[in-house]
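Some notes on the structure that comes next.
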Amino acid sequence: MNRFLIKSLAIAAAVTLSACGGGGTADTSPKLKITAVKVFGDSIADSGTYGFKFTVQSADNLIFPERVAASYGQTLCSFYKATGPDSFVPNPKAGCTNAAIGGGRINYYSNPTDPRGITVQMAAVAALGSYSPGDLAVIDGGGNDAADLVGAYLKAPSDKAASYAGLLTTVLTPAQVGAALAGGASGMATIGGVYMTALADNFYAAIKTSVLDKGAQQVIVLNMPGITNTPRFQMVLDGISAAYGGGTAGATARAQSEALFKSWIEAFNKQLAAKFAGEAKVAVVDFYTAFNDQVATPAQFGLSNVKTPACPITGLGSDGLPTYDFLTCTATALSAAPPTGVSGGADWWKSYGFSDGFHPTPYGHQLTGQLISKTLAIKGWL
């Protein structure tokens, strides 16, 4: 890792990246009798644990797991209900099978028993009994884990890599981490990929124990999305470039930072695919590639804007990045106030890719739902 990336760490040291959180239609006539859809994951799969969804609020803002469930004539409601920002109880409403919670992580390292840990969600549902032949499990995760890793890495210059080492040792051994950090900048960069590979191993093990070994016959697993595509992360990378005065130096520093973080995500996805290779009961959905394609060629997917969030900015966080309020970001409010110079009339926001800096719009969810439907059809499960 050269001086550009080293300097970029210091430039973005105060930034904490946290989040969550996308063609063609397929035949959605069910060929398999699915009687229940069980969901595990983070904010992009959360049906309303906090009383809202992490997208534009409207009467028809189905998120991708709800779209999958609807193709089988099923509806979803949240398995958990939030009683506070950091407290959750089982939903008293019977038949709720979406255990995903906003802020979910594969490695919820600050509290391993918190149901925002996706492995905890799967174990909680498994404790209720075995899966039935008609159950479909839909699992996503990793976006927040990637953000955690990047955020800790960027703090290294200011806290002497304490945050980075602390996160790494929740999955890797102290000896592994110590040896990597002793290797300087190169070791710090490499150990991020090692962490992600081990995280994929842990994710696979949890899915096997709590889902496959409990009798699940149909399991959909989305791989880790490319968080570098999001407006939030793009602002961080733009800041790195600007700190170099733009031009060739800024572009180089930006590109090297982005390439490193992408390599970590790709290490996770490569390992996840390898672990599930040959497993007939599991279909790994390549969310990473689809998301990359949508951002690279938005018009091909009917997207008019993949850079600017549709929701209005409500303030700035302590990291200097924009904040948004999903409760006030409603379809009615957006349609009533099209941004100056934006075409499309009241429907202007419906073709945007992002609702806020990290999460998709309802149309983004539609694209992901179509991607999953295509995967289900190929597997013969739809």
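Each chain of the structure tokens is named A, B, ... in the order shown, its residues numbered from 1; ligands are numbered from 1 in display order.
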Just the helix (DSSP H, G or I) stuff from region 206-265 of chain A, please, per backbone DSSP, written as a PyMOL selection string.
chain A and resi 206-210+212-214+227-229+231-243+247-265
Within 8 Å of Ile313 (chain A) using only C-alpha atoms, minus same-chain residues under 2 positions, as a list of chain:residue names
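Everything that qualifies: A:Cys311, A:Gly315, A:Pro322, A:Thr323, A:Tyr324, A:Asp325.
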With all heavy atoms retained, write the just-selected residues as a JSON list (two decimals), in the first residue's frame.
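The resulting file, again29.json, is shown below:
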```
[["chain", "number", "residue", "atom", "x", "y", "z"],
["A", 311, "CYS", "N", -34.45, 10.92, -0.59],
["A", 311, "CYS", "CA", -34.90, 11.57, 0.64],
["A", 311, "CYS", "C", -34.12, 12.85, 0.89],
["A", 311, "CYS", "O", -32.93, 12.93, 0.56],
["A", 311, "CYS", "CB", -34.73, 10.64, 1.84],
["A", 311, "CYS", "SG", -35.72, 9.13, 1.79],
["A", 315, "GLY", "N", -29.82, 16.86, 8.19],
["A", 315, "GLY", "CA", -28.75, 17.39, 9.03],
["A", 315, "GLY", "C", -27.42, 16.75, 8.69],
["A", 315, "GLY", "O", -27.28, 16.10, 7.65],
["A", 322, "PRO", "N", -24.16, 13.52, 5.62],
["A", 322, "PRO", "CA", -25.59, 13.84, 5.73],
["A", 322, "PRO", "C", -26.37, 12.80, 6.53],
["A", 322, "PRO", "O", -26.05, 11.61, 6.51],
["A", 322, "PRO", "CB", -26.06, 13.88, 4.28],
["A", 322, "PRO", "CG", -24.83, 14.15, 3.48],
["A", 322, "PRO", "CD", -23.73, 13.45, 4.21],
["A", 323, "THR", "N", -27.41, 13.27, 7.20],
["A", 323, "THR", "CA", -28.34, 12.38, 7.89],
["A", 323, "THR", "C", -29.71, 12.52, 7.23],
["A", 323, "THR", "O", -30.02, 13.53, 6.59],
["A", 323, "THR", "CB", -28.45, 12.72, 9.38],
["A", 323, "THR", "OG1", -28.85, 14.10, 9.54],
["A", 323, "THR", "CG2", -27.10, 12.51, 10.08],
["A", 324, "TYR", "N", -30.54, 11.48, 7.43],
["A", 324, "TYR", "CA", -31.86, 11.43, 6.81],
["A", 324, "TYR", "C", -32.87, 10.91, 7.83],
["A", 324, "TYR", "O", -32.50, 10.26, 8.81],
["A", 324, "TYR", "CB", -31.85, 10.51, 5.58],
["A", 324, "TYR", "CG", -30.82, 10.89, 4.55],
["A", 324, "TYR", "CD1", -29.49, 10.48, 4.67],
["A", 324, "TYR", "CD2", -31.17, 11.67, 3.45],
["A", 324, "TYR", "CE1", -28.54, 10.85, 3.72],
["A", 324, "TYR", "CE2", -30.23, 12.03, 2.49],
["A", 324, "TYR", "CZ", -28.91, 11.62, 2.64],
["A", 324, "TYR", "OH", -27.97, 11.98, 1.70],
["A", 325, "ASP", "N", -34.14, 11.18, 7.60],
["A", 325, "ASP", "CA", -35.21, 10.72, 8.49],
["A", 325, "ASP", "C", -36.23, 9.94, 7.67],
["A", 325, "ASP", "O", -37.00, 10.53, 6.90],
["A", 325, "ASP", "CB", -35.87, 11.91, 9.18],
["A", 325, "ASP", "CG", -36.94, 11.49, 10.18],
["A", 325, "ASP", "OD1", -37.20, 10.28, 10.31],
["A", 325, "ASP", "OD2", -37.54, 12.39, 10.82]]
```
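Going from CA of Leu168 (chain A) to CA of Tyr195 (chain A) covers 6.4 Å.
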Closest atom pairs, region 135-210 of chain A residues within 10 Å of region 223-237 of chain A, only C-alpha atoms, as a tab-separated table:
```
residue	atom	partner	partner_atom	distance
A:Ile139	CA	A:Asn223	CA	9.1
A:Asp140	CA	A:Asn223	CA	7.0
A:Gly141	CA	A:Met224	CA	6.4
A:Gly142	CA	A:Met224	CA	5.1
A:Gly143	CA	A:Pro225	CA	6.0
A:Asn144	CA	A:Ile227	CA	8.8
A:Asp145	CA	A:Met224	CA	9.2
A:Ala146	CA	A:Ile227	CA	7.5
A:Ala147	CA	A:Ile227	CA	7.4
A:Ala200	CA	A:Asn223	CA	9.6
```
Test item: residues at most 8 Å from Leu76 (chain A), only C-alpha atoms, excluding those fewer than 6 positions along its chain, as a VMD selection string:
chain A and resid 37 47 66 69 96 to 98
Could you give me, as number ranges by chain, each residue of region 20-247 of chain A that DSSP assigns to strand (DSSP E or B) when run on this structure's backbone?
A: 36-40, 57, 78, 80-84, 87-90, 98, 105, 117, 135-139, 218-222
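Of the listed residues (A:Val68, A:Leu382, A:Ile220, A:Leu181), A:Ile220 comes nearest to Val138 (chain A); the distances count only C-alpha atoms.
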Considering only C-alpha atoms, state which residue in the set A:Gly341, A:Pro92, A:Gly41, A:Pro65 is at the smallest distance from Ile106 (chain A).
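Looking only at the distances to Ile106 (chain A), the closest residue turns out to be A:Gly41.
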Pick out the residues sitting within 12 Å of Lys33 (chain A), and hand them over as a PDB file with N, CA and C atoms, in the first residue's frame; count only C-alpha atoms, and ignore anything fewer than 2 positions along from it in its own chain.
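Ended up saving to around.pdb:
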```
ATOM      1  N   SER A  29     -44.768 -17.430 -11.574  1.00  0.00           N
ATOM      2  CA  SER A  29     -45.821 -18.390 -11.246  1.00  0.00           C
ATOM      3  C   SER A  29     -45.225 -19.508 -10.395  1.00  0.00           C
ATOM      4  N   PRO A  30     -45.630 -19.608  -9.122  1.00  0.00           N
ATOM      5  CA  PRO A  30     -45.008 -20.592  -8.237  1.00  0.00           C
ATOM      6  C   PRO A  30     -45.148 -22.023  -8.741  1.00  0.00           C
ATOM      7  N   LYS A  31     -44.036 -22.734  -8.781  1.00  0.00           N
ATOM      8  CA  LYS A  31     -44.031 -24.140  -9.166  1.00  0.00           C
ATOM      9  C   LYS A  31     -43.815 -25.027  -7.943  1.00  0.00           C
ATOM     10  N   THR A  35     -45.004 -22.466   1.886  1.00  0.00           N
ATOM     11  CA  THR A  35     -46.048 -22.099   2.842  1.00  0.00           C
ATOM     12  C   THR A  35     -45.591 -21.061   3.860  1.00  0.00           C
ATOM     13  N   ALA A  36     -44.289 -20.789   3.900  1.00  0.00           N
ATOM     14  CA  ALA A  36     -43.781 -19.766   4.817  1.00  0.00           C
ATOM     15  C   ALA A  36     -42.429 -19.279   4.324  1.00  0.00           C
ATOM     16  N   VAL A  37     -42.183 -17.983   4.475  1.00  0.00           N
ATOM     17  CA  VAL A  37     -40.892 -17.384   4.133  1.00  0.00           C
ATOM     18  C   VAL A  37     -40.285 -16.829   5.415  1.00  0.00           C
ATOM     19  N   ALA A  69     -41.912 -13.127  -0.906  1.00  0.00           N
ATOM     20  CA  ALA A  69     -43.025 -13.786  -0.220  1.00  0.00           C
ATOM     21  C   ALA A  69     -44.322 -13.632  -1.009  1.00  0.00           C
ATOM     22  N   SER A  71     -44.742 -13.490  -4.127  1.00  0.00           N
ATOM     23  CA  SER A  71     -44.785 -14.368  -5.293  1.00  0.00           C
ATOM     24  C   SER A  71     -45.313 -15.749  -4.932  1.00  0.00           C
ATOM     25  N   TYR A  72     -45.323 -16.083  -3.644  1.00  0.00           N
ATOM     26  CA  TYR A  72     -45.877 -17.352  -3.169  1.00  0.00           C
ATOM     27  C   TYR A  72     -47.208 -17.142  -2.444  1.00  0.00           C
ATOM     28  N   GLY A  73     -47.758 -15.935  -2.555  1.00  0.00           N
ATOM     29  CA  GLY A  73     -49.015 -15.651  -1.884  1.00  0.00           C
ATOM     30  C   GLY A  73     -48.876 -15.447  -0.398  1.00  0.00           C
ATOM     31  N   GLN A  74     -47.652 -15.130   0.056  1.00  0.00           N
ATOM     32  CA  GLN A  74     -47.399 -14.952   1.476  1.00  0.00           C
ATOM     33  C   GLN A  74     -47.166 -13.474   1.801  1.00  0.00           C
ATOM     34  N   SER A 132     -40.106 -26.753   8.024  1.00  0.00           N
ATOM     35  CA  SER A 132     -41.028 -27.598   7.281  1.00  0.00           C
ATOM     36  C   SER A 132     -40.603 -27.649   5.820  1.00  0.00           C
ATOM     37  N   PRO A 133     -41.025 -28.680   5.080  1.00  0.00           N
ATOM     38  CA  PRO A 133     -40.646 -28.778   3.657  1.00  0.00           C
ATOM     39  C   PRO A 133     -41.061 -27.555   2.841  1.00  0.00           C
ATOM     40  N   GLY A 134     -42.123 -26.868   3.267  1.00  0.00           N
ATOM     41  CA  GLY A 134     -42.609 -25.717   2.526  1.00  0.00           C
ATOM     42  C   GLY A 134     -42.011 -24.390   2.949  1.00  0.00           C
ATOM     43  N   ASP A 135     -40.990 -24.412   3.806  1.00  0.00           N
ATOM     44  CA  ASP A 135     -40.356 -23.175   4.256  1.00  0.00           C
ATOM     45  C   ASP A 135     -39.266 -22.721   3.287  1.00  0.00           C
ATOM     46  N   LEU A 136     -39.221 -21.436   3.030  1.00  0.00           N
ATOM     47  CA  LEU A 136     -38.134 -20.824   2.271  1.00  0.00           C
ATOM     48  C   LEU A 136     -37.415 -19.851   3.194  1.00  0.00           C
ATOM     49  N   GLN A 217     -35.072 -26.869   3.328  1.00  0.00           N
ATOM     50  CA  GLN A 217     -34.850 -27.471   2.013  1.00  0.00           C
ATOM     51  C   GLN A 217     -34.590 -26.426   0.928  1.00  0.00           C
ATOM     52  N   GLN A 218     -35.006 -25.183   1.186  1.00  0.00           N
ATOM     53  CA  GLN A 218     -34.822 -24.092   0.229  1.00  0.00           C
ATOM     54  C   GLN A 218     -34.262 -22.885   0.971  1.00  0.00           C
ATOM     55  N   GLY A 380     -35.573 -23.896  -9.746  1.00  0.00           N
ATOM     56  CA  GLY A 380     -36.814 -24.657  -9.822  1.00  0.00           C
ATOM     57  C   GLY A 380     -37.677 -24.481  -8.609  1.00  0.00           C
ATOM     58  N   TRP A 381     -37.423 -23.415  -7.840  1.00  0.00           N
ATOM     59  CA  TRP A 381     -38.183 -23.155  -6.622  1.00  0.00           C
ATOM     60  C   TRP A 381     -39.275 -22.108  -6.840  1.00  0.00           C
ATOM     61  N   LEU A 382     -39.385 -21.615  -8.062  1.00  0.00           N
ATOM     62  CA  LEU A 382     -40.410 -20.626  -8.354  1.00  0.00           C
ATOM     63  C   LEU A 382     -40.971 -20.879  -9.751  1.00  0.00           C
TER      64      LEU A 382
END
```
Contacts of Tyr153 (chain A) at 8 Å (only C-alpha atoms; same-chain gap of 2+ positions) as a PyMOL selection string
chain A and resi 9+149-151+155-156+161+163-164
Nearest to His359 (chain A) among A:Ala377, A:Ala336, A:Val306, A:Met196, with distances taken over only C-alpha atoms: which residue is it?
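Selected residue with least distance to His359 (chain A): A:Val306.
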Contacts of region 116-127 of chain A at 9 Å (only C-alpha atoms; same-chain gap of 3+ positions) as a PyMOL selection string
chain A and resi 38-42+97+99-109+111-113+130-131+139-141+203+206-207+209-211+214
Phe287 (chain A) environment, 12 Å, only C-alpha atoms, sequence neighbours closer than 2 positions dropped, as a PDB file with N, CA and C atoms, in the first residue's frame:
```
ATOM      1  N   GLY A  22     -30.876  -4.748  -5.721  1.00  0.00           N
ATOM      2  CA  GLY A  22     -31.090  -3.942  -6.614  1.00  0.00           C
ATOM      3  C   GLY A  22     -31.178  -4.444  -7.956  1.00  0.00           C
ATOM      4  N   GLY A  23     -32.025  -7.302 -13.385  1.00  0.00           N
ATOM      5  CA  GLY A  23     -32.943  -6.642 -14.166  1.00  0.00           C
ATOM      6  C   GLY A  23     -33.856  -7.620 -14.861  1.00  0.00           C
ATOM      7  N   PHE A  64     -37.525  -6.192  -0.658  1.00  0.00           N
ATOM      8  CA  PHE A  64     -37.311  -7.377  -1.500  1.00  0.00           C
ATOM      9  C   PHE A  64     -37.796  -8.687  -0.881  1.00  0.00           C
ATOM     10  N   ILE A 139     -31.858 -14.985   3.424  1.00  0.00           N
ATOM     11  CA  ILE A 139     -30.839 -14.464   4.337  1.00  0.00           C
ATOM     12  C   ILE A 139     -29.971 -13.427   3.632  1.00  0.00           C
ATOM     13  N   ASP A 140     -29.843 -12.250   4.248  1.00  0.00           N
ATOM     14  CA  ASP A 140     -28.891 -11.269   3.732  1.00  0.00           C
ATOM     15  C   ASP A 140     -28.020 -10.797   4.888  1.00  0.00           C
ATOM     16  N   GLY A 141     -26.940 -10.134   4.569  1.00  0.00           N
ATOM     17  CA  GLY A 141     -26.065  -9.618   5.607  1.00  0.00           C
ATOM     18  C   GLY A 141     -24.698  -9.277   5.062  1.00  0.00           C
ATOM     19  N   GLY A 142     -23.984  -8.433   5.783  1.00  0.00           N
ATOM     20  CA  GLY A 142     -22.615  -8.123   5.422  1.00  0.00           C
ATOM     21  C   GLY A 142     -22.341  -6.662   5.145  1.00  0.00           C
ATOM     22  N   GLY A 143     -23.350  -5.901   4.739  1.00  0.00           N
ATOM     23  CA  GLY A 143     -23.115  -4.494   4.433  1.00  0.00           C
ATOM     24  C   GLY A 143     -22.599  -3.730   5.631  1.00  0.00           C
ATOM     25  N   ILE A 220     -32.162 -19.177   0.387  1.00  0.00           N
ATOM     26  CA  ILE A 220     -31.601 -18.127  -0.465  1.00  0.00           C
ATOM     27  C   ILE A 220     -30.639 -17.297   0.390  1.00  0.00           C
ATOM     28  N   VAL A 221     -29.396 -17.138  -0.077  1.00  0.00           N
ATOM     29  CA  VAL A 221     -28.408 -16.325   0.625  1.00  0.00           C
ATOM     30  C   VAL A 221     -27.892 -15.256  -0.329  1.00  0.00           C
ATOM     31  N   LEU A 222     -28.070 -13.995   0.020  1.00  0.00           N
ATOM     32  CA  LEU A 222     -27.510 -12.908  -0.768  1.00  0.00           C
ATOM     33  C   LEU A 222     -26.058 -12.699  -0.341  1.00  0.00           C
ATOM     34  N   ASN A 223     -25.166 -12.535  -1.313  1.00  0.00           N
ATOM     35  CA  ASN A 223     -23.794 -12.246  -0.926  1.00  0.00           C
ATOM     36  C   ASN A 223     -23.671 -10.779  -0.529  1.00  0.00           C
ATOM     37  N   MET A 224     -22.468 -10.387  -0.121  1.00  0.00           N
ATOM     38  CA  MET A 224     -22.262  -9.056   0.444  1.00  0.00           C
ATOM     39  C   MET A 224     -22.310  -7.983  -0.636  1.00  0.00           C
ATOM     40  N   PRO A 225     -23.075  -6.918  -0.409  1.00  0.00           N
ATOM     41  CA  PRO A 225     -23.173  -5.860  -1.424  1.00  0.00           C
ATOM     42  C   PRO A 225     -21.933  -4.975  -1.453  1.00  0.00           C
ATOM     43  N   GLY A 226     -21.737  -4.302  -2.571  1.00  0.00           N
ATOM     44  CA  GLY A 226     -20.609  -3.390  -2.722  1.00  0.00           C
ATOM     45  C   GLY A 226     -20.911  -2.039  -2.113  1.00  0.00           C
ATOM     46  N   ILE A 227     -20.579  -1.862  -0.837  1.00  0.00           N
ATOM     47  CA  ILE A 227     -20.920  -0.612  -0.146  1.00  0.00           C
ATOM     48  C   ILE A 227     -20.202   0.594  -0.743  1.00  0.00           C
ATOM     49  N   ILE A 265     -14.499  -7.084   0.291  1.00  0.00           N
ATOM     50  CA  ILE A 265     -15.848  -7.599   0.048  1.00  0.00           C
ATOM     51  C   ILE A 265     -15.794  -8.805  -0.877  1.00  0.00           C
ATOM     52  N   GLU A 266     -14.967  -8.722  -1.895  1.00  0.00           N
ATOM     53  CA  GLU A 266     -14.843  -9.830  -2.837  1.00  0.00           C
ATOM     54  C   GLU A 266     -14.243 -11.068  -2.177  1.00  0.00           C
ATOM     55  N   ASN A 269     -17.187 -12.737  -0.486  1.00  0.00           N
ATOM     56  CA  ASN A 269     -18.092 -13.366  -1.446  1.00  0.00           C
ATOM     57  C   ASN A 269     -17.486 -14.608  -2.093  1.00  0.00           C
ATOM     58  N   ALA A 283     -29.164 -21.490  -2.636  1.00  0.00           N
ATOM     59  CA  ALA A 283     -28.882 -20.679  -3.825  1.00  0.00           C
ATOM     60  C   ALA A 283     -28.262 -19.376  -3.356  1.00  0.00           C
ATOM     61  N   VAL A 284     -27.022 -19.125  -3.758  1.00  0.00           N
ATOM     62  CA  VAL A 284     -26.352 -17.869  -3.420  1.00  0.00           C
ATOM     63  C   VAL A 284     -26.671 -16.850  -4.510  1.00  0.00           C
ATOM     64  N   VAL A 285     -27.291 -15.766  -4.139  1.00  0.00           N
ATOM     65  CA  VAL A 285     -27.673 -14.710  -5.073  1.00  0.00           C
ATOM     66  C   VAL A 285     -26.524 -13.713  -5.186  1.00  0.00           C
ATOM     67  N   THR A 289     -22.603  -8.390  -7.764  1.00  0.00           N
ATOM     68  CA  THR A 289     -22.453  -8.087  -9.188  1.00  0.00           C
ATOM     69  C   THR A 289     -23.648  -7.303  -9.722  1.00  0.00           C
ATOM     70  N   ALA A 290     -24.853  -7.692  -9.308  1.00  0.00           N
ATOM     71  CA  ALA A 290     -26.051  -6.995  -9.780  1.00  0.00           C
ATOM     72  C   ALA A 290     -26.034  -5.532  -9.357  1.00  0.00           C
ATOM     73  N   PHE A 291     -25.659  -5.274  -8.126  1.00  0.00           N
ATOM     74  CA  PHE A 291     -25.590  -3.909  -7.603  1.00  0.00           C
ATOM     75  C   PHE A 291     -24.534  -3.107  -8.368  1.00  0.00           C
ATOM     76  N   ASN A 292     -23.380  -3.710  -8.596  1.00  0.00           N
ATOM     77  CA  ASN A 292     -22.334  -3.042  -9.378  1.00  0.00           C
ATOM     78  C   ASN A 292     -22.830  -2.684 -10.773  1.00  0.00           C
ATOM     79  N   ASP A 293     -23.541  -3.619 -11.410  1.00  0.00           N
ATOM     80  CA  ASP A 293     -24.045  -3.390 -12.759  1.00  0.00           C
ATOM     81  C   ASP A 293     -25.061  -2.249 -12.790  1.00  0.00           C
ATOM     82  N   GLN A 294     -25.915  -2.198 -11.791  1.00  0.00           N
ATOM     83  CA  GLN A 294     -26.937  -1.150 -11.740  1.00  0.00           C
ATOM     84  C   GLN A 294     -26.314   0.232 -11.628  1.00  0.00           C
ATOM     85  N   GLY A 364     -35.406   0.123  -6.103  1.00  0.00           N
ATOM     86  CA  GLY A 364     -34.205  -0.668  -5.866  1.00  0.00           C
ATOM     87  C   GLY A 364     -34.555  -2.033  -5.299  1.00  0.00           C
ATOM     88  N   HIS A 365     -35.518  -2.064  -4.383  1.00  0.00           N
ATOM     89  CA  HIS A 365     -35.981  -3.338  -3.833  1.00  0.00           C
ATOM     90  C   HIS A 365     -36.654  -4.188  -4.903  1.00  0.00           C
ATOM     91  N   LEU A 367     -35.870  -4.297  -8.051  1.00  0.00           N
ATOM     92  CA  LEU A 367     -34.800  -4.897  -8.850  1.00  0.00           C
ATOM     93  C   LEU A 367     -34.179  -6.085  -8.125  1.00  0.00           C
ATOM     94  N   THR A 368     -33.986  -5.947  -6.823  1.00  0.00           N
ATOM     95  CA  THR A 368     -33.425  -7.071  -6.059  1.00  0.00           C
ATOM     96  C   THR A 368     -34.406  -8.225  -5.995  1.00  0.00           C
ATOM     97  N   GLY A 369     -35.686  -7.909  -5.842  1.00  0.00           N
ATOM     98  CA  GLY A 369     -36.702  -8.960  -5.849  1.00  0.00           C
ATOM     99  C   GLY A 369     -36.713  -9.720  -7.163  1.00  0.00           C
ATOM    100  N   GLN A 370     -36.543  -9.006  -8.277  1.00  0.00           N
ATOM    101  CA  GLN A 370     -36.503  -9.654  -9.589  1.00  0.00           C
ATOM    102  C   GLN A 370     -35.263 -10.529  -9.720  1.00  0.00           C
ATOM    103  N   LEU A 371     -34.147 -10.057  -9.185  1.00  0.00           N
ATOM    104  CA  LEU A 371     -32.913 -10.842  -9.202  1.00  0.00           C
ATOM    105  C   LEU A 371     -33.099 -12.154  -8.445  1.00  0.00           C
ATOM    106  N   ILE A 372     -33.734 -12.076  -7.292  1.00  0.00           N
ATOM    107  CA  ILE A 372     -33.967 -13.278  -6.498  1.00  0.00           C
ATOM    108  C   ILE A 372     -34.956 -14.202  -7.200  1.00  0.00           C
ATOM    109  N   THR A 375     -33.192 -16.191  -9.682  1.00  0.00           N
ATOM    110  CA  THR A 375     -32.422 -17.266  -9.038  1.00  0.00           C
ATOM    111  C   THR A 375     -33.331 -18.408  -8.610  1.00  0.00           C
TER     112      THR A 375
END
```
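Between CA of Ala152 (chain A) and CA of Gly184 (chain A) there is a distance of 15.6 Å.
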Atom pair CA of Leu272 (chain A) / CA of Thr197 (chain A): separation (Å)
8.0 Å
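Among the candidate residues A:Gly48, A:Ser58, A:Leu167, A:Ala189, the one lying nearest to Lys350 (chain A) is A:Ser58, with distances computed using only C-alpha atoms.
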